[in-house]
Each structure stands twice: as structure tokens, then as C-alpha cells.
Amino acid sequence: MNTVLQTKGLCKTYIVNKRQNNVLKNIDLTISEGEMVAVMGPSGSGKSTLLYCVSGMDRLTAGEVTFNGKDTSKLGEKELARLRLDEMGFIFQQMYMMKNLSVLDNIILPSVRSKKNKESRKKTEERGRALMKRLGIEDIGGNDINEVSGGQLQRACIARSMINSPQMIFADEPTGALNRASSDEVMNELLSLNRDGTTVMCVTHDPKVAAKCSRVLYLVDGNIVGEKEMGHFEGGEKQLRTRERELNNWLMEQGW
Amino acid sequence: MFLRILKKDLKRKKTMNVIMLLFVILSAMFASAAVNNVAAVTNGIDYYFKISDVPDAMISVDLESEECKKIEALPSVTETRKQKALLLFKNSYIKHNGKKVRSYINPPLIISDADMPYNYFDNDNNKIESVEKGTFYATTQIGDAEIGDKYVFDIGNTKLTLTYAGRLKGALFSSEDIANPYFLLNNDEFMKLYNEPELEEKTEETLYVNTTDVGAIEDLALENVSVYGMDAFRNIYLYDMIAAGIMMGISLILMITSFIVLRFTIGFTISEEFREIGVMKAVGIDNGSIRVLFIVKYVAIAIVGSVIGFFCSIPLTKMMMKTVSENMVLGSEGGVMLGALSSAAVILLILTFCYGCTRKVNKLSPIDAVRNGQTGERFKKRSSLSLGRSKLPATGFLSLNDVMSAPKRFGLAALIFTLCIIMMTLLSVCSLTLKSEKILWLFDIPTNDCTLGDLDFYNEVIKDISKQEQFFKDTEKMLEEKGMPGKCSMQVGSRYKVTHGSREEKIWCFTNNGYRNDTFRCDEGYAPEKDNEIAATPTTLKTIDAEIGDKVKISIGDEEKEYIITGTFSSFMGQDGNAIQLAPDTKMYIGPFTYASLSTMGIQIKFDGDPDAATVKKNIEKLKNELDTDKIYTPTELIDSCTQMSGTLSAIKKLMMILTIIVTAMIVVLMERSFISKEKSEIALMKAMGIRSSSIIAQHTLRFGIVSLVAAAAASASIMPIGNAFMNAICRNVGDVSGIRCDFNALEVFGLCPAIVLIVTILGTMLTALYTRTIKASDTASIE
């Protein structure tokens, strides 16, 4: 399978009050097309920083990141922005959205801004509605973002991340602010996307979320200390419980 | 603890606090300068009269006459002082470098240093005790003179070469170009001229009296006697009051702007600290204490800003008072105290205002405050726009959507920018109007192409009004012969006894003789056309207790005639707002000539066939050569010399333009910086989605562009009504006027001034919005 994302010797250092804090240390990582990778680890281990560095949202201190064959560490701000807009999708724990746009307008905004998109505004809107329908939130298109539930909003965020048909979706604790039912709905959507061929990288604290991923990385103090191949989750409660059990045992071994 | 919080706050929000400080400085500076200006002109007049030892009344009367004796014999008259002046009916009597001295329309007067009825002062405000032989002082009307210049007084057989010793300041000398200029000479030289046969019977005699009852003199109702009391003396400085009033208005607008900005900043600071407020409330700190925490910062800023503003107001006051101080001797006492008091008032006003603005703290429950602090609400609701249905490009849509989502916030910005534009355009409109043909009608003269103001040419008419008709015929013939046919007209005014019922007053009556191409303008009723019709100012109607349609009696010369009041009109002429307009070509009686009993604005000429501006200019030049004079004025030049305010206001306008640019830039930086700070999460999110920094900067710039365009439209729509109302209110101090329509330079008012604000706004926002580049996509994770 083709490699979508690759890092070599990725380092990220923050200097706070003249103190050097090495958040990521020589990370080598390869993610192939169609994979669904979970990144786990204790708080402060560098999970989110890794996600931001590989997605071009933050600059590296050293090393290189290749996305789709392009060395993102050498790209300028403009090129990085275009890459994020056209080839990547993002989902955040806090369900950030533009507060003065309707849910539907939030979803179609990246597509409207994309130079790749040559279709009419009406067509884009139709596509946005179709995505909302697929995610089961077709009724809230005209609503304000503060008029809908957290689960609906996170699904709207997923729709937004999908609008430009990205090659890869980066999710930073996508279920962190949701209850169990909403969390399951959101993960099912991500799984469904993954099955359709979209690569997903997901930072999570939740073993139940990670159990649905095909590979789990375990980070401690900026190093990947463990990696577990889980294989694709086909669905079903029984298989999920088995995967969860296996993952929990492995996590215990890692010192979780 | 308060000091610790203050220190932390000042450090954290350096830019915002500095801008706020600058606004307090500006408020204090303008408040102090404006108060000083108005106080100097109002109190300054009293001070000037006091140090000048100005008597209670001035009476234009033959000093040897029975009338004069009657006045002197009045028991209420405690002291009399007499002055004889020589009236010069030819401009060619005085020459400088072989040329007639500079423009004046009314005859100049020569006075003696042996006959100074009150104290005169020189340019350095020193009292003039005597005039050195061979020198002379003059009032402003020979303005281009340099001290040490030689002037030749060549009258009949007497020729004196005198050196100009400097400006002559006298509390009762009008500084207007149109007023009679005065030359103060040594008595020996004065007597040489006094004994010159050519000036025989051309003396102007004035009696100055100190009296406990000016009314008693007026009650004598003596013919050919004009009495002027303190109110009339004060009227000399009315145009200075106009400038002071305009500056007061501008200062007021600037202060309103500053307060709106303060309100914005305070509101912003409080919403920034919702979480802290919530925590404080949760742990039980009461509302008053929390509000005091905010006030502490403003106390510090208000005190520092007001002190700096007070010191900055000193040079500004001097600049604003330049014209006034040229004409008056102003005392320095009180100015510092007044400035300090107005600065202190600004501190109090700011603190009261700030305390009021912190009311929001009371309304918040602890949980509201914490919750709002967490989500950092920027836009509470969305606009009705839809991205899907909009035809606008994405950046344009987002900008417009931002503006429409927060109408209050951006509306406030639009209001501030509107005020900024009005500050500039109001001065432009005022300065232009005060030299515009549009107020020609307030001087009761008809539309014309030029005014001939050289006494050499028409002094015979002034001396004998019956020669006027022949004079017009001769002049019109001369114009035709020179290839510029035209018609002449002349305004003549004199004070006559007007009686209505038991009321009897001496009121200035005017008529226009000769050609008149437009109907006299009346605010109510119709213009007098028949020889028994008159129009009066509303003030006159009040004075004589009459109404339109009433009949009044006017004594012109020996004849008392009945007139019907046909309408009311506005006028700068007359005295204390009292003026009457007679029908055109009414035969006037001008008694034995005294300068105080006749008013004229020169000879107005209207060329035939409505020639264009270039032809009129050519004709004026031709006339100047033919008549060997430079005293031919366009209507604009005539009005400008009457009001004398345009130059001062133009200078202030330039200063105001610079100031407005600075103020607008500061407002833009302050607002945009606070908007960025509030929208940090949105900006980070947009960057995370892949929207480029340049698009975000463009979006921020564009929305301020939209706001300033709205402001430009609002200012353009409102400047004329505001200007008209403002101008009418100010000019009401000069005469009984209403219905002034301001003149404007369309390019400046609707083009240049809004464009300046628009450019400053766009540049300011763009530069400030560069700060958004420091917000990274990854900040999305660290935003609360």
C-alpha cells in the first residue's frame, strides 16, 4: 500500500522561560493509505504535538515529514495552508466552528475557499447537504451552532473535514467532549470514512476508541515506545470487546 | 493587591492601555484648550475693557453742539472724555512705496496721542503713553506694513513722511477689514493735518462718557447722535466668538469620540476577564469591589493622561487664540487655573463614565461569567446571510457576515469614523461658508460680480447721497466705454428713529440703490417693493413689539412716514440683531456726515450678459488698471474680509486633519487589536482548515473598509444638515440670522475627507491585522 505520511527523526522543542522542553524526540513513523492509526499515551507525552507537526499545523524543530510525497517541512505557509485545505481534514475535541455562520455554512466553508473546487456555490451547498444526510444531521443545516447537541456538532465537524474529500483526516480527541452514545456515533462515522479509503490519524485517551483503529501507537515523553497492529475492525460487538481486551492488556504492558 | 493587579494589567495589555492613555490625553487637551479659548474670548473682553479703562458709552456727536451739552449736563454722567478724529475720504492720501495703502472700504480716521479717551496698546501689549514724533501706529487694516516702513501722508499742501511704529490695539477698534482703520499720530503732526484746508469739516467727533445710566442718554433721542454702550462694544468681538464656538463644537465632537472609544475599551476589557470576574464572584467578592478593581486602572490612566493633556493644551490654546490675541490684550491669569480645572473635570468625567460602563459586572452571575470566559463568545449570533446562497467571494462574504453578526460593535466603529469625518468636514464647510457668496444676502447686498471699495472713486457719494444716481450713470457709462458693460448698486444704511405704538427705537435701516437683479430674500412674508413697505429682522419686531402687517413710523431726515411691515429677513447688518430693510431706491437722508451714521459695503457691479468667471476676472483686472486701485473685490474676497475667520479656520482645519488621521489610526489599531484578541480561536481554526493568513488579513481589512464606507456615507449624508444647524447657531451670535445654507467643496467634503479616513482605516487595519500571522493553526489546541 502507498505511504501517505512519513516522518524521519521528527523533533519538536519548546523553549519556555529559557527552559528547553523536548516534546518530540526523533520520531520515525510511516502511515499507509487506508490505515486508521490511534495515538495514545499519558498526558503531556506529545500526542497532540505529533498530530499538529505531521499535519503541518505546527513547525518541526528538526527532522522531516513527508505527506503524499511532499516534504512539508520545506513548504512555505501558503503551500502548507493549501495542503491542509485540499488534502487534509481536521477534527478537534472542542468542536470549533465559526460562531457567526450556520452549521451548513461552516461545513461548506473549506470547499468555498478551495481553489481546487470549480463547482458552483449551489452545487457545493448540495454536496454539504448530502454529507450532512450521510452523517444523520440533515435537519440542522440552517441552525446556529449553539442550537445543536455536542454529538451533532462533532458530526458537523466531521462533515466539514470531509467536504474537500481529503486524503487524510487528523482527529485530536474527537470524542473527548462527548458522552458514550455520541462518541460511538462519531467513531462509527470515522470508521465508515476509513472504510471508504480515507486515512485517519486519531489522538485519543479512550481505549474503546483506539480499539476501532487498525494500529495503535503508544507515546511516552516524546518517543514512540510501542506499536500494536490491530487489523481493520470489521464491526460487531463481540469483535470490539475482543479488540478492547487485547488493547487493554497491551496498554498495561506499556505502563498505561 | 490593587497595585499588583494594576501592574499585571498594564503589562499584559500594553497596546490597549497606551491607546487608551492617548485618548484621555486628547480629551483633556481639547477640553482644556476649548474651555480656555471660550473663556479667554468672553472673560478676555471684560479684562481688556478693564485695563483699557473703557468708558460706559461712546456717543458720536458734534462736540460743540447743544446735543453734546445736554448729554454732559445729565446728572447720571460722571465723567466725559472727548476725541476729534480726521476722516480721510481718499485712499490716495496715504501712500506706501508710492502706492495707496492696502484695502479698506470705509474711510480711515486719524487720531492724536493727546486725545486718547481710553488706553491704547502696542503690539507687545504695552500701553501707549505718547507717539514719538515722525512715527505713527495703525490698526490691522494696513496689515502688510512692516515696522520701520515709511508712509507718506500727502493731503492738500501738507506732506508728512511718517515711520510705521507698529500695531495699534484699542478695545473699541474693530479688527474687521471692513471697519474704519485708525492711525494714531503725534499731536504736533496731527494738528498739521487738522489745520489742512482740504480736510476742513471732515472731522469725526466722539464723546466718551462714564455714566450710571446709558439709557438716559438714549432717552434724549437726539437727532444725528448715535449712542453705543457696553453691549455694542462687545459686538466688536462677535466674529472672534464664532471661531471660539466652532472650536468648542469640534472639541465636543472629539470628546464624544474619545468617550465612545473608552466605552468600547472598557466593555472589551470586562468581557476579556469574564472568567476572573466569575471566579471572584464565586469566592464571594462583592460587585462593588470587583468594579473598583477595574476603576483603579482607569484612575491611573485618567490622572496621567489628563496631566499630560493639560500641558499639551498650552500650545494648542495659543494657536487657537492667535487671531484673538492679535486684536486683544489678553490677561494670563485664570488661564492656567481654568485649564487645570477642565483637565480635572475630564478625570472626573472619565471615572464616572468608567464606573457606569462597569455596570455589566453586576448583571453577571458567577456561572455566566465563568462560562462566557471559557467559550470566549465573540459573535453571539449569526447574521441572516448564507454562504451557500451568496454571490460574494468568500473573503467578502466573511467580512460582511462579521459586520452583520456584530452590528452593535461595528456600528460603534462606524459611528466613531463618522464623527472623525464630520470633525474634518465641519471645519471645511464652516471656513468655506464664512467666505462664500452663499452668505452675501446676510450683508443685504445683491448678487454681484465685484465690489469697488476705493474711496477715491465714490467718496463724493458718501458725502452727498443725492449724487448717487448721477454717479451710477457715470460709472455705467465708463464701464460701457471700456468694453465691460455693467450695472451698479450700492447699499446705504443709517440709523433712524422707528416708532410703533409707544415703542421708539433708533434702528439701522438699509436700502439698495441702483441695479438689483434678484429679489431681496425674506424668511417670512415678502420683500418690500413699494416705497411704504419695509422688512425687519425678527429681533427688530420683538424690540418694537410689532408683527408682519403692522404699521410703523420711521423718521428719515425731517420726514416721518408710515411703513407697513411686509416680511422678516436675516441679516448680519444692524446692531444687536436689529435691522430694517427699506424698499429698493428709497431716498435716504444722511445727516451731517459722521462715520457712525452711515454704513456702506462699497459699490457693487454686475456685468451685463452673465459673463463667465474668466471674463469677470479679466474685467476686474482691467478695472484695477483703469482706476489705478487694487481695491476691487470678488464677492468671496469681500465676505472673507468681513468675517476674517476663514483663514484661521483653514489653519485649524489642517491641524484637525492631521489630528483626525492620528485619532482614526489609533481607533483602528485599538479596535482591530481587540477584535483579533477576541477572535483568536476563529483565526486559529481558519488557519487549521487551511485558510491562508493573507485571506484572514484581507477579511479583517475588508470589514473595517465596509465600516468606513458606511461611515463615509453617513457623514456625507449628515454633514450638510449638521453644518447648516451649526453655522446658524454660531452666526446667531453675530446677527439675527436663520436659513444659512453652508457652502461646500464637494471634492473635499465628499471625496478627500472620507477618502483620508478610508485609507487610514484600511492601512491601519491591514498593518494591525498582520498580528494574526502570530496566531498558529496549532493554537486551536491551546484555546480555552
# chains A, B, ... in the order shown; residues from 1 in each chain; ligands from 1

call {"tool": "residues_around", "arguments": {"residues": "Ala211 in chain A", "least_positions_apart": "5", "cutoff": "10 Å", "atoms": "only C-alpha atoms", "output": "ChimeraX atom specification"}}
result
/A:38,206,216,230-233,239-248

call {"tool": "write_last_selection", "arguments": {"atoms": "N, CA and C atoms", "output": "PDB file, in the first residue's frame"}}
result
ATOM      1  N   ALA A  38      -4.339   5.098  15.759  1.00  0.00           N
ATOM      2  CA  ALA A  38      -4.637   5.803  17.005  1.00  0.00           C
ATOM      3  C   ALA A  38      -3.316   6.127  17.689  1.00  0.00           C
ATOM      4  N   ASP A 206      -8.994   7.231  24.954  1.00  0.00           N
ATOM      5  CA  ASP A 206     -10.028   6.230  25.207  1.00  0.00           C
ATOM      6  C   ASP A 206      -9.705   4.908  24.511  1.00  0.00           C
ATOM      7  N   VAL A 216      -2.210   1.018  16.726  1.00  0.00           N
ATOM      8  CA  VAL A 216      -2.143   1.921  17.874  1.00  0.00           C
ATOM      9  C   VAL A 216      -0.684   2.220  18.179  1.00  0.00           C
ATOM     10  N   MET A 230      -3.502  -3.876  14.899  1.00  0.00           N
ATOM     11  CA  MET A 230      -4.789  -4.433  15.331  1.00  0.00           C
ATOM     12  C   MET A 230      -5.588  -5.014  14.165  1.00  0.00           C
ATOM     13  N   GLY A 231      -5.223  -4.657  12.971  1.00  0.00           N
ATOM     14  CA  GLY A 231      -6.001  -5.080  11.814  1.00  0.00           C
ATOM     15  C   GLY A 231      -7.286  -4.288  11.715  1.00  0.00           C
ATOM     16  N   HIS A 232      -7.926  -4.288  10.585  1.00  0.00           N
ATOM     17  CA  HIS A 232      -9.143  -3.480  10.410  1.00  0.00           C
ATOM     18  C   HIS A 232     -10.301  -4.048  11.210  1.00  0.00           C
ATOM     19  N   PHE A 233     -11.036  -3.170  11.814  1.00  0.00           N
ATOM     20  CA  PHE A 233     -12.213  -3.555  12.589  1.00  0.00           C
ATOM     21  C   PHE A 233     -13.375  -3.758  11.629  1.00  0.00           C
ATOM     22  N   GLN A 239     -16.428  -8.686  18.365  1.00  0.00           N
ATOM     23  CA  GLN A 239     -15.066  -8.401  17.899  1.00  0.00           C
ATOM     24  C   GLN A 239     -14.508  -7.180  18.623  1.00  0.00           C
ATOM     25  N   LEU A 240     -15.371  -6.210  18.846  1.00  0.00           N
ATOM     26  CA  LEU A 240     -14.920  -4.987  19.509  1.00  0.00           C
ATOM     27  C   LEU A 240     -14.436  -5.286  20.919  1.00  0.00           C
ATOM     28  N   ARG A 241     -15.209  -6.132  21.631  1.00  0.00           N
ATOM     29  CA  ARG A 241     -14.810  -6.467  23.012  1.00  0.00           C
ATOM     30  C   ARG A 241     -13.476  -7.182  23.033  1.00  0.00           C
ATOM     31  N   THR A 242     -13.281  -8.090  22.060  1.00  0.00           N
ATOM     32  CA  THR A 242     -12.029  -8.826  21.977  1.00  0.00           C
ATOM     33  C   THR A 242     -10.869  -7.863  21.743  1.00  0.00           C
ATOM     34  N   ARG A 243     -11.084  -6.935  20.802  1.00  0.00           N
ATOM     35  CA  ARG A 243     -10.026  -5.976  20.477  1.00  0.00           C
ATOM     36  C   ARG A 243      -9.729  -5.088  21.687  1.00  0.00           C
ATOM     37  N   GLU A 244     -10.764  -4.706  22.376  1.00  0.00           N
ATOM     38  CA  GLU A 244     -10.571  -3.846  23.552  1.00  0.00           C
ATOM     39  C   GLU A 244      -9.736  -4.562  24.609  1.00  0.00           C
ATOM     40  N   ARG A 245     -10.081  -5.856  24.810  1.00  0.00           N
ATOM     41  CA  ARG A 245      -9.356  -6.645  25.819  1.00  0.00           C
ATOM     42  C   ARG A 245      -7.877  -6.725  25.457  1.00  0.00           C
ATOM     43  N   GLU A 246      -7.624  -7.053  24.183  1.00  0.00           N
ATOM     44  CA  GLU A 246      -6.234  -7.181  23.710  1.00  0.00           C
ATOM     45  C   GLU A 246      -5.487  -5.854  23.899  1.00  0.00           C
ATOM     46  N   LEU A 247      -6.193  -4.782  23.536  1.00  0.00           N
ATOM     47  CA  LEU A 247      -5.549  -3.460  23.599  1.00  0.00           C
ATOM     48  C   LEU A 247      -5.259  -3.070  25.038  1.00  0.00           C
ATOM     49  N   ASN A 248      -6.205  -3.351  25.917  1.00  0.00           N
ATOM     50  CA  ASN A 248      -6.004  -3.003  27.329  1.00  0.00           C
ATOM     51  C   ASN A 248      -4.814  -3.740  27.909  1.00  0.00           C
TER      52      ASN A 248
END

call {"tool": "select_by_dssp", "arguments": {"residues": "range 134-256 of chain B", "states": "helix (DSSP H, G or I)", "output": "ChimeraX atom specification"}}
result
/B:140-142,187-194,197-199,214-219,230-235,238-256

call {"tool": "write_last_selection", "arguments": {"atoms": "C-alpha atoms", "output": "mmCIF file, in the first residue's frame"}}
result
data_model
loop_
_atom_site.group_PDB
_atom_site.id
_atom_site.type_symbol
_atom_site.label_atom_id
_atom_site.label_comp_id
_atom_site.auth_asym_id
_atom_site.auth_seq_id
_atom_site.Cartn_x
_atom_site.Cartn_y
_atom_site.Cartn_z
ATOM 1 C CA THR B 140 -4.744 95.997 11.455
ATOM 2 C CA GLN B 141 -6.106 97.444 8.222
ATOM 3 C CA ILE B 142 -2.704 98.342 6.845
ATOM 4 C CA ASN B 187 -0.251 115.610 18.338
ATOM 5 C CA ASP B 188 2.047 118.042 16.514
ATOM 6 C CA GLU B 189 1.709 116.122 13.272
ATOM 7 C CA PHE B 190 -1.997 115.551 13.898
ATOM 8 C CA MET B 191 -2.503 119.293 14.249
ATOM 9 C CA LYS B 192 -0.689 119.929 10.951
ATOM 10 C CA LEU B 193 -3.249 117.719 9.240
ATOM 11 C CA TYR B 194 -6.086 119.135 11.329
ATOM 12 C CA PRO B 197 -7.792 123.258 4.495
ATOM 13 C CA GLU B 198 -8.564 120.192 2.366
ATOM 14 C CA LEU B 199 -9.678 118.332 5.487
ATOM 15 C CA VAL B 214 -26.736 104.904 29.369
ATOM 16 C CA GLY B 215 -30.480 104.717 28.775
ATOM 17 C CA ALA B 216 -30.862 108.304 29.936
ATOM 18 C CA ILE B 217 -28.669 109.459 27.028
ATOM 19 C CA GLU B 218 -30.655 107.367 24.567
ATOM 20 C CA ASP B 219 -33.858 108.730 26.034
ATOM 21 C CA MET B 230 -21.188 98.078 26.515
ATOM 22 C CA ASP B 231 -23.356 95.653 24.507
ATOM 23 C CA ALA B 232 -22.376 97.371 21.292
ATOM 24 C CA PHE B 233 -18.705 97.323 22.389
ATOM 25 C CA ARG B 234 -18.893 93.594 22.905
ATOM 26 C CA ASN B 235 -20.310 93.105 19.415
ATOM 27 C CA LEU B 238 -18.519 88.607 17.740
ATOM 28 C CA TYR B 239 -16.527 87.086 14.890
ATOM 29 C CA ASP B 240 -13.877 86.015 17.421
ATOM 30 C CA MET B 241 -16.683 84.287 19.278
ATOM 31 C CA ILE B 242 -17.622 82.433 16.084
ATOM 32 C CA ALA B 243 -14.122 80.919 15.886
ATOM 33 C CA ALA B 244 -14.218 80.062 19.572
ATOM 34 C CA GLY B 245 -17.661 78.485 19.147
ATOM 35 C CA ILE B 246 -16.553 76.397 16.177
ATOM 36 C CA MET B 247 -13.531 75.165 18.106
ATOM 37 C CA MET B 248 -15.780 74.362 21.062
ATOM 38 C CA GLY B 249 -18.023 72.310 18.763
ATOM 39 C CA ILE B 250 -15.076 70.436 17.304
ATOM 40 C CA SER B 251 -13.665 69.793 20.786
ATOM 41 C CA LEU B 252 -17.043 68.443 21.818
ATOM 42 C CA ILE B 253 -17.094 66.010 18.879
ATOM 43 C CA LEU B 254 -13.571 64.883 19.742
ATOM 44 C CA MET B 255 -14.529 64.342 23.355
ATOM 45 C CA ILE B 256 -17.617 62.337 22.341
#

call {"tool": "interface_residues", "arguments": {"of": "chain A", "to": "chain B", "cutoff": "10 Å", "atoms": "only C-alpha atoms", "output": "MDAnalysis selection string"}}
result
chainID A and resid 48:49 51:53 55:59 77:94 96:102 104:106 108:110 112:114 120:126 128 142:146 160:161 172

call {"tool": "atom_distance", "arguments": {"atom1": "CA of Ser45 in chain A", "atom2": "CA of Val220 in chain A"}}
result
4.9 Å

call {"tool": "residues_around", "arguments": {"residues": "Val35 in chain B", "least_positions_apart": "6", "cutoff": "9 Å", "atoms": "only C-alpha atoms", "output": "JSON, numbers by chain"}}
result
{"B": [248, 338, 339, 342]}
